[in-house]
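Report on the following structure.
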Amino acid sequence: MTQAYDPPLRDLRVLDLATLFAGPLAATMLGDFGAEVIKVEHPTKPDPSRGHGPSKDGVGLWWKLLGRNKRTLTLNLSTPGGRDTLLRLAATSDVIIENFRPGTLERWGLGWPELSAVNPRLVLARVTGFGQFGPYARRPGFGTLAEAMSGFAAITGEPDAPPVLPPFGLADSIAGLATAYAVMTALAARDRTGEGQTVDMAIIEPILTVLGPHPLWYDQLGHVQPRTGNRSANNAPRNTYRTADGSWVAVSTSAQSVAERVMCLVGRPELIDEPWFGSGAERARHADVLDEAVGAWIARHTREEVVESFEKAEAAVAPIQDVREVMTDPQYRALDTITTVDDPELGPLRMQNVLFRLSATPGAIRWTGRPHGADTDSVLTELGLTGTDIAALRDEGAL
């Protein structure tokens, strides 16, 4: 894509030292809005996302998404040359994002004292499973553990079935969003104070935030939410329903007016007059009755008929789509949510567009994930290293 306007983050330089997946995703989001992101990878151990999931012609597809808008540099930080080179890069950068276990950067002589000494304006974002301190800090941490620990898995699934983990990187993705937000907050503070700071992002925390008031409910009422499947404890009908043509739709009635419209649509307006129908929580306690009413009506109609009827009634419904339908959905098409980007290795690729639209300074996908170390020489040359310097670093094993 061609950038039509000045991107809002074009003056930021970000060093992405992180892997799998929260830290790199945060860097991707900064790069989408113009930051110069330099992906730093070990010379012989690239970011594992390059090999995650399906590949085409030996090229990992996930990396094409996660590595977009990033220049790629190889650097062995545990070598003297690698350490010194990173300090030189840090002196010219605004942000470093890393996800090594606590103490690793310090062991290499690249802790906050050393980094801030070469650049007092630097923001260092440290993304780990459990944070920089506490009894679990040095444990290996992944998003799956956060999904388990936070209470998410405990409330996900059918009441009489085991807890359910998401089949994708939910906690990592939420932490990636939170890290990008934290970095921008720290940069805003730097604008006022002139000084950088560290960001301590524990992957177990943002997912707990998005779960809502569960700790508050328990604190004040001793309430522990059980697994309810697709149903909600806060409103009904709220479920997935099978249509006459074997498809599925999802219905939500968070608003009282929408719940009333649904009951009129499915031919059960008398339920609106029930004394329990007036609040979402009370409707949820009568979900069996409401699900039977809605489910029976939907089962007599095709998915297209259901969606059209709900739309006419101004009731909330959505088809349950797999990725094939997402790629052709007219609303996603109108928003250009799935956009096409040319890739030098694989040709045109369709992938998710930037996360949001800005009217004056929009983001853009300038390029897809580049090969391992593709920009090493150019980045180091811009840093002032000569060909002889670069060759010496390679001989040392630092590149």
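By order in the structure tokens, chains are A, B, ...; within a chain, residues start at 1; ligands start at 1, following the order shown.
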
Exercise. Name the residues of region 38-156 of chain A that fall into strand (DSSP E or B) according to DSSP on the backbone, using the chain letters and numbers of this document, as a PyMOL selection string.
Key: chain A and resi 38-41+55-56+59-60+70-74+95-98+123-128

Practice problem: Extract, using only C-alpha atoms, all DNA, RNA and protein residues at most 8 Å from region 320-330 of chain A, discarding same-chain residues fewer than 6 positions from it, and format them as a PyMOL selection string. | Solution: chain A and resi 247-250+338

Do a neighbour search on Gly67 (chain A) at 10 Å with only C-alpha atoms, toss out local chain neighbours closer than 4 positions, and write the hits as a PDB file with N, CA and C atoms, in the first residue's frame.
ATOM      1  N   PRO A  24       6.112  -8.771  19.823  1.00  0.00           N
ATOM      2  CA  PRO A  24       6.167  -8.480  18.385  1.00  0.00           C
ATOM      3  C   PRO A  24       4.881  -7.871  17.838  1.00  0.00           C
ATOM      4  N   LEU A  25       3.717  -8.276  18.373  1.00  0.00           N
ATOM      5  CA  LEU A  25       2.462  -7.696  17.898  1.00  0.00           C
ATOM      6  C   LEU A  25       2.388  -6.213  18.262  1.00  0.00           C
ATOM      7  N   ALA A  27       4.892  -4.209  18.515  1.00  0.00           N
ATOM      8  CA  ALA A  27       5.782  -3.530  17.573  1.00  0.00           C
ATOM      9  C   ALA A  27       5.140  -3.413  16.198  1.00  0.00           C
ATOM     10  N   THR A  28       4.408  -4.447  15.774  1.00  0.00           N
ATOM     11  CA  THR A  28       3.713  -4.393  14.489  1.00  0.00           C
ATOM     12  C   THR A  28       2.725  -3.235  14.469  1.00  0.00           C
ATOM     13  N   GLY A  31       4.497  -0.054  14.028  1.00  0.00           N
ATOM     14  CA  GLY A  31       4.971   0.054  12.659  1.00  0.00           C
ATOM     15  C   GLY A  31       3.862   0.360  11.674  1.00  0.00           C
ATOM     16  N   VAL A  37      10.439   0.259  12.649  1.00  0.00           N
ATOM     17  CA  VAL A  37      10.620  -0.888  13.530  1.00  0.00           C
ATOM     18  C   VAL A  37      11.746  -1.747  12.978  1.00  0.00           C
ATOM     19  N   ILE A  38      12.731  -2.020  13.820  1.00  0.00           N
ATOM     20  CA  ILE A  38      13.840  -2.901  13.457  1.00  0.00           C
ATOM     21  C   ILE A  38      13.696  -4.180  14.259  1.00  0.00           C
ATOM     22  N   LYS A  39      13.438  -5.265  13.585  1.00  0.00           N
ATOM     23  CA  LYS A  39      13.296  -6.570  14.230  1.00  0.00           C
ATOM     24  C   LYS A  39      14.683  -7.163  14.435  1.00  0.00           C
ATOM     25  N   ASP A  47      13.015 -15.613  15.058  1.00  0.00           N
ATOM     26  CA  ASP A  47      11.732 -15.591  15.764  1.00  0.00           C
ATOM     27  C   ASP A  47      10.950 -16.846  15.390  1.00  0.00           C
ATOM     28  N   SER A  49       7.971 -17.491  15.256  1.00  0.00           N
ATOM     29  CA  SER A  49       6.752 -17.283  14.472  1.00  0.00           C
ATOM     30  C   SER A  49       6.996 -17.490  12.988  1.00  0.00           C
ATOM     31  N   ARG A  50       8.256 -17.429  12.561  1.00  0.00           N
ATOM     32  CA  ARG A  50       8.564 -17.713  11.161  1.00  0.00           C
ATOM     33  C   ARG A  50       8.216 -19.148  10.795  1.00  0.00           C
ATOM     34  N   LEU A  61       3.765 -18.211   6.725  1.00  0.00           N
ATOM     35  CA  LEU A  61       2.773 -17.181   6.421  1.00  0.00           C
ATOM     36  C   LEU A  61       2.479 -16.282   7.617  1.00  0.00           C
ATOM     37  N   TRP A  62       2.503 -16.830   8.825  1.00  0.00           N
ATOM     38  CA  TRP A  62       2.228 -16.016  10.011  1.00  0.00           C
ATOM     39  C   TRP A  62       3.218 -14.853  10.101  1.00  0.00           C
ATOM     40  N   TRP A  63       4.486 -15.148   9.772  1.00  0.00           N
ATOM     41  CA  TRP A  63       5.495 -14.101   9.846  1.00  0.00           C
ATOM     42  C   TRP A  63       5.196 -12.958   8.891  1.00  0.00           C
ATOM     43  N   ARG A  71      11.985  -3.787   9.527  1.00  0.00           N
ATOM     44  CA  ARG A  71      13.275  -4.151   8.948  1.00  0.00           C
ATOM     45  C   ARG A  71      13.859  -5.270   9.809  1.00  0.00           C
ATOM     46  N   THR A  72      14.637  -6.147   9.216  1.00  0.00           N
ATOM     47  CA  THR A  72      15.120  -7.315   9.952  1.00  0.00           C
ATOM     48  C   THR A  72      16.638  -7.280  10.072  1.00  0.00           C
ATOM     49  N   TRP A 367       5.079  -2.945   3.820  1.00  0.00           N
ATOM     50  CA  TRP A 367       5.635  -4.192   3.278  1.00  0.00           C
ATOM     51  C   TRP A 367       5.307  -5.312   4.252  1.00  0.00           C
ATOM     52  N   THR A 368       5.390  -6.523   3.762  1.00  0.00           N
ATOM     53  CA  THR A 368       5.127  -7.711   4.568  1.00  0.00           C
ATOM     54  C   THR A 368       6.406  -8.159   5.264  1.00  0.00           C
ATOM     55  N   GLY A 369       6.286  -9.208   6.103  1.00  0.00           N
ATOM     56  CA  GLY A 369       7.438  -9.699   6.840  1.00  0.00           C
ATOM     57  C   GLY A 369       8.591 -10.072   5.923  1.00  0.00           C
ATOM     58  N   ARG A 370       9.762  -9.540   6.234  1.00  0.00           N
ATOM     59  CA  ARG A 370      10.931  -9.721   5.374  1.00  0.00           C
ATOM     60  C   ARG A 370      11.771 -10.916   5.819  1.00  0.00           C
ATOM     61  N   PRO A 371      12.627 -11.418   4.940  1.00  0.00           N
ATOM     62  CA  PRO A 371      13.471 -12.560   5.297  1.00  0.00           C
ATOM     63  C   PRO A 371      14.361 -12.265   6.501  1.00  0.00           C
TER      64      PRO A 371
END

Quiz item: Residues at most 12 Å from Ser309 (chain A), counting only C-alpha atoms, excluding those fewer than 3 positions away in the same chain, as a list in words?
Solution: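 Here the answer would be Arg261, Val262, Cys264, Leu265, Val266, Trp297, Ile298, His301, Thr302, Arg303, Glu304, Glu305, Val306, Lys312, Ala313, Glu314, Ala315, Ala316, Val317 and Ala318 of chain A.
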
Prev. selection, N, CA and C atoms, output as a compact mmCIF listing (two decimals), in the first residue's frame:
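Written out: out11.txt:
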# COMPACT_ATOMS: atom_id res chain seq x y z
N ARG A 261 -38.14 -6.91 20.63
CA ARG A 261 -38.30 -7.07 19.18
C ARG A 261 -38.11 -8.52 18.75
N VAL A 262 -37.14 -9.20 19.38
CA VAL A 262 -36.89 -10.60 19.02
C VAL A 262 -38.12 -11.45 19.33
N CYS A 264 -41.22 -10.55 19.50
CA CYS A 264 -42.29 -10.26 18.53
C CYS A 264 -41.98 -10.92 17.20
N LEU A 265 -40.75 -10.87 16.78
CA LEU A 265 -40.35 -11.46 15.51
C LEU A 265 -40.61 -12.97 15.48
N VAL A 266 -40.29 -13.66 16.57
CA VAL A 266 -40.42 -15.12 16.56
C VAL A 266 -41.82 -15.57 16.95
N TRP A 297 -38.14 -20.99 16.08
CA TRP A 297 -38.43 -20.12 14.92
C TRP A 297 -37.27 -20.14 13.93
N ILE A 298 -36.04 -19.99 14.45
CA ILE A 298 -34.88 -19.98 13.57
C ILE A 298 -34.73 -21.31 12.83
N HIS A 301 -36.28 -21.53 9.37
CA HIS A 301 -35.89 -20.58 8.34
C HIS A 301 -34.42 -20.77 7.95
N THR A 302 -34.09 -20.42 6.72
CA THR A 302 -32.70 -20.46 6.29
C THR A 302 -31.92 -19.33 6.94
N ARG A 303 -30.62 -19.45 6.88
CA ARG A 303 -29.79 -18.40 7.48
C ARG A 303 -30.07 -17.05 6.83
N GLU A 304 -30.19 -17.03 5.51
CA GLU A 304 -30.46 -15.77 4.82
C GLU A 304 -31.79 -15.17 5.27
N GLU A 305 -32.79 -16.02 5.42
CA GLU A 305 -34.09 -15.53 5.88
C GLU A 305 -34.01 -14.99 7.31
N VAL A 306 -33.28 -15.68 8.16
CA VAL A 306 -33.15 -15.24 9.55
C VAL A 306 -32.48 -13.88 9.62
N LYS A 312 -34.72 -6.45 9.43
CA LYS A 312 -35.95 -5.67 9.28
C LYS A 312 -36.55 -5.32 10.64
N ALA A 313 -36.42 -6.24 11.60
CA ALA A 313 -36.97 -6.02 12.93
C ALA A 313 -36.05 -5.19 13.83
N GLU A 314 -34.89 -4.81 13.30
CA GLU A 314 -33.88 -4.08 14.08
C GLU A 314 -33.50 -4.85 15.34
N ALA A 315 -33.31 -6.15 15.14
CA ALA A 315 -32.83 -7.03 16.21
C ALA A 315 -31.42 -7.50 15.86
N ALA A 316 -30.67 -7.85 16.89
CA ALA A 316 -29.24 -8.11 16.71
C ALA A 316 -28.98 -9.57 16.39
N VAL A 317 -28.41 -9.83 15.21
CA VAL A 317 -28.07 -11.18 14.80
C VAL A 317 -26.84 -11.12 13.92
N ALA A 318 -26.08 -12.21 13.89
CA ALA A 318 -24.94 -12.32 12.97
C ALA A 318 -24.78 -13.77 12.57

Quiz prompt | helix (DSSP H, G or I) positions in region 5-116 of chain A, given as number ranges by chain | solution = A: 22-32, 48-51, 61-66, 80-91, 104-107, 112-116

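Minimum atom-to-atom distance to Arg192 (chain A), evaluated using only C-alpha atoms, belongs to A:Arg121 out of A:Ser257, A:Arg121, A:Thr209, A:Arg13.
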
List as a compact mmCIF listing (two decimals) with C-alpha atoms, in the first residue's frame the protein and nucleic acid residues near Asp32 (chain A), meaning an atom at most 8 Å away when only C-alpha atoms are counted, but skip any in the same chain fewer than 5 places from it.
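Resulting contents of out.txt:
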# COMPACT_ATOMS: atom_id res chain seq x y z
CA ARG A 68 5.09 -6.49 8.38
CA ASN A 69 6.51 -2.96 8.39
CA VAL A 354 -4.25 -1.82 10.26
CA GLY A 363 -1.64 3.85 8.96
CA ALA A 364 -0.56 1.55 6.15
CA ILE A 365 1.03 -1.82 5.43
CA ARG A 366 4.19 -0.70 3.65

Quiz prompt | Selection near Ala161 (chain A), 12 Å with only C-alpha atoms, sequence-local residues under 3 positions removed, as a PyMOL selection string | solution = chain A and resi 153-158+164+226-229

Quiz prompt | Selection: 7 Å around region 95-108 of chain A, only C-alpha atoms, excl. self and same-chain fewer than 5 positions, as a list in words | solution =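 Returned residues: Arg13, Val14, Leu15, Asp16, Leu17, Ala18, Thr19, Gly23, Ser78, Leu122, Val123, Leu124, Ala125, Arg126, Val127, Thr128, Gln132, Ala137 and Arg138 of chain A.
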
Self-check item: Two-atom distance - CA of Leu165 (chain A), CA of Glu282 (chain A) (Å)
Solution: 28.8 Å

Self-check item: Using only C-alpha atoms: which of A:Gly347, A:Val40, A:Thr376, A:Thr388 has the shortest distance to Val59 (chain A)
Solution: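 Closest candidate: A:Gly347.
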
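Remark: for Asp57 (chain A), the closest of the candidate residues A:Leu346, A:Leu380, A:Leu75, A:Leu335 is A:Leu346 (distances computed over only C-alpha atoms).
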
Quiz item: Which residue gives the smallest distance to Thr243 (chain A) among A:Arg83, A:Arg285, A:Arg300, A:Lys56, with only C-alpha atoms counted?
Solution: A:Arg300

Exercise. For each of A:Arg88, A:Arg350, A:Arg139, A:His52, take the minimum atom-to-atom distance to Asn119 (chain A), counting only C-alpha atoms, then give the residue where this is smallest.
Key: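 Using only C-alpha atoms, Asn119 (chain A) sits closest to A:Arg88.
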
Exercise. Could you tell me which of A:Leu86, A:His286, A:Asn234, A:Leu399 comes closest to Asp375 (chain A) if we count only C-alpha atoms?
Key: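 Closest to Asp375 (chain A) of all the choices is A:Leu399.
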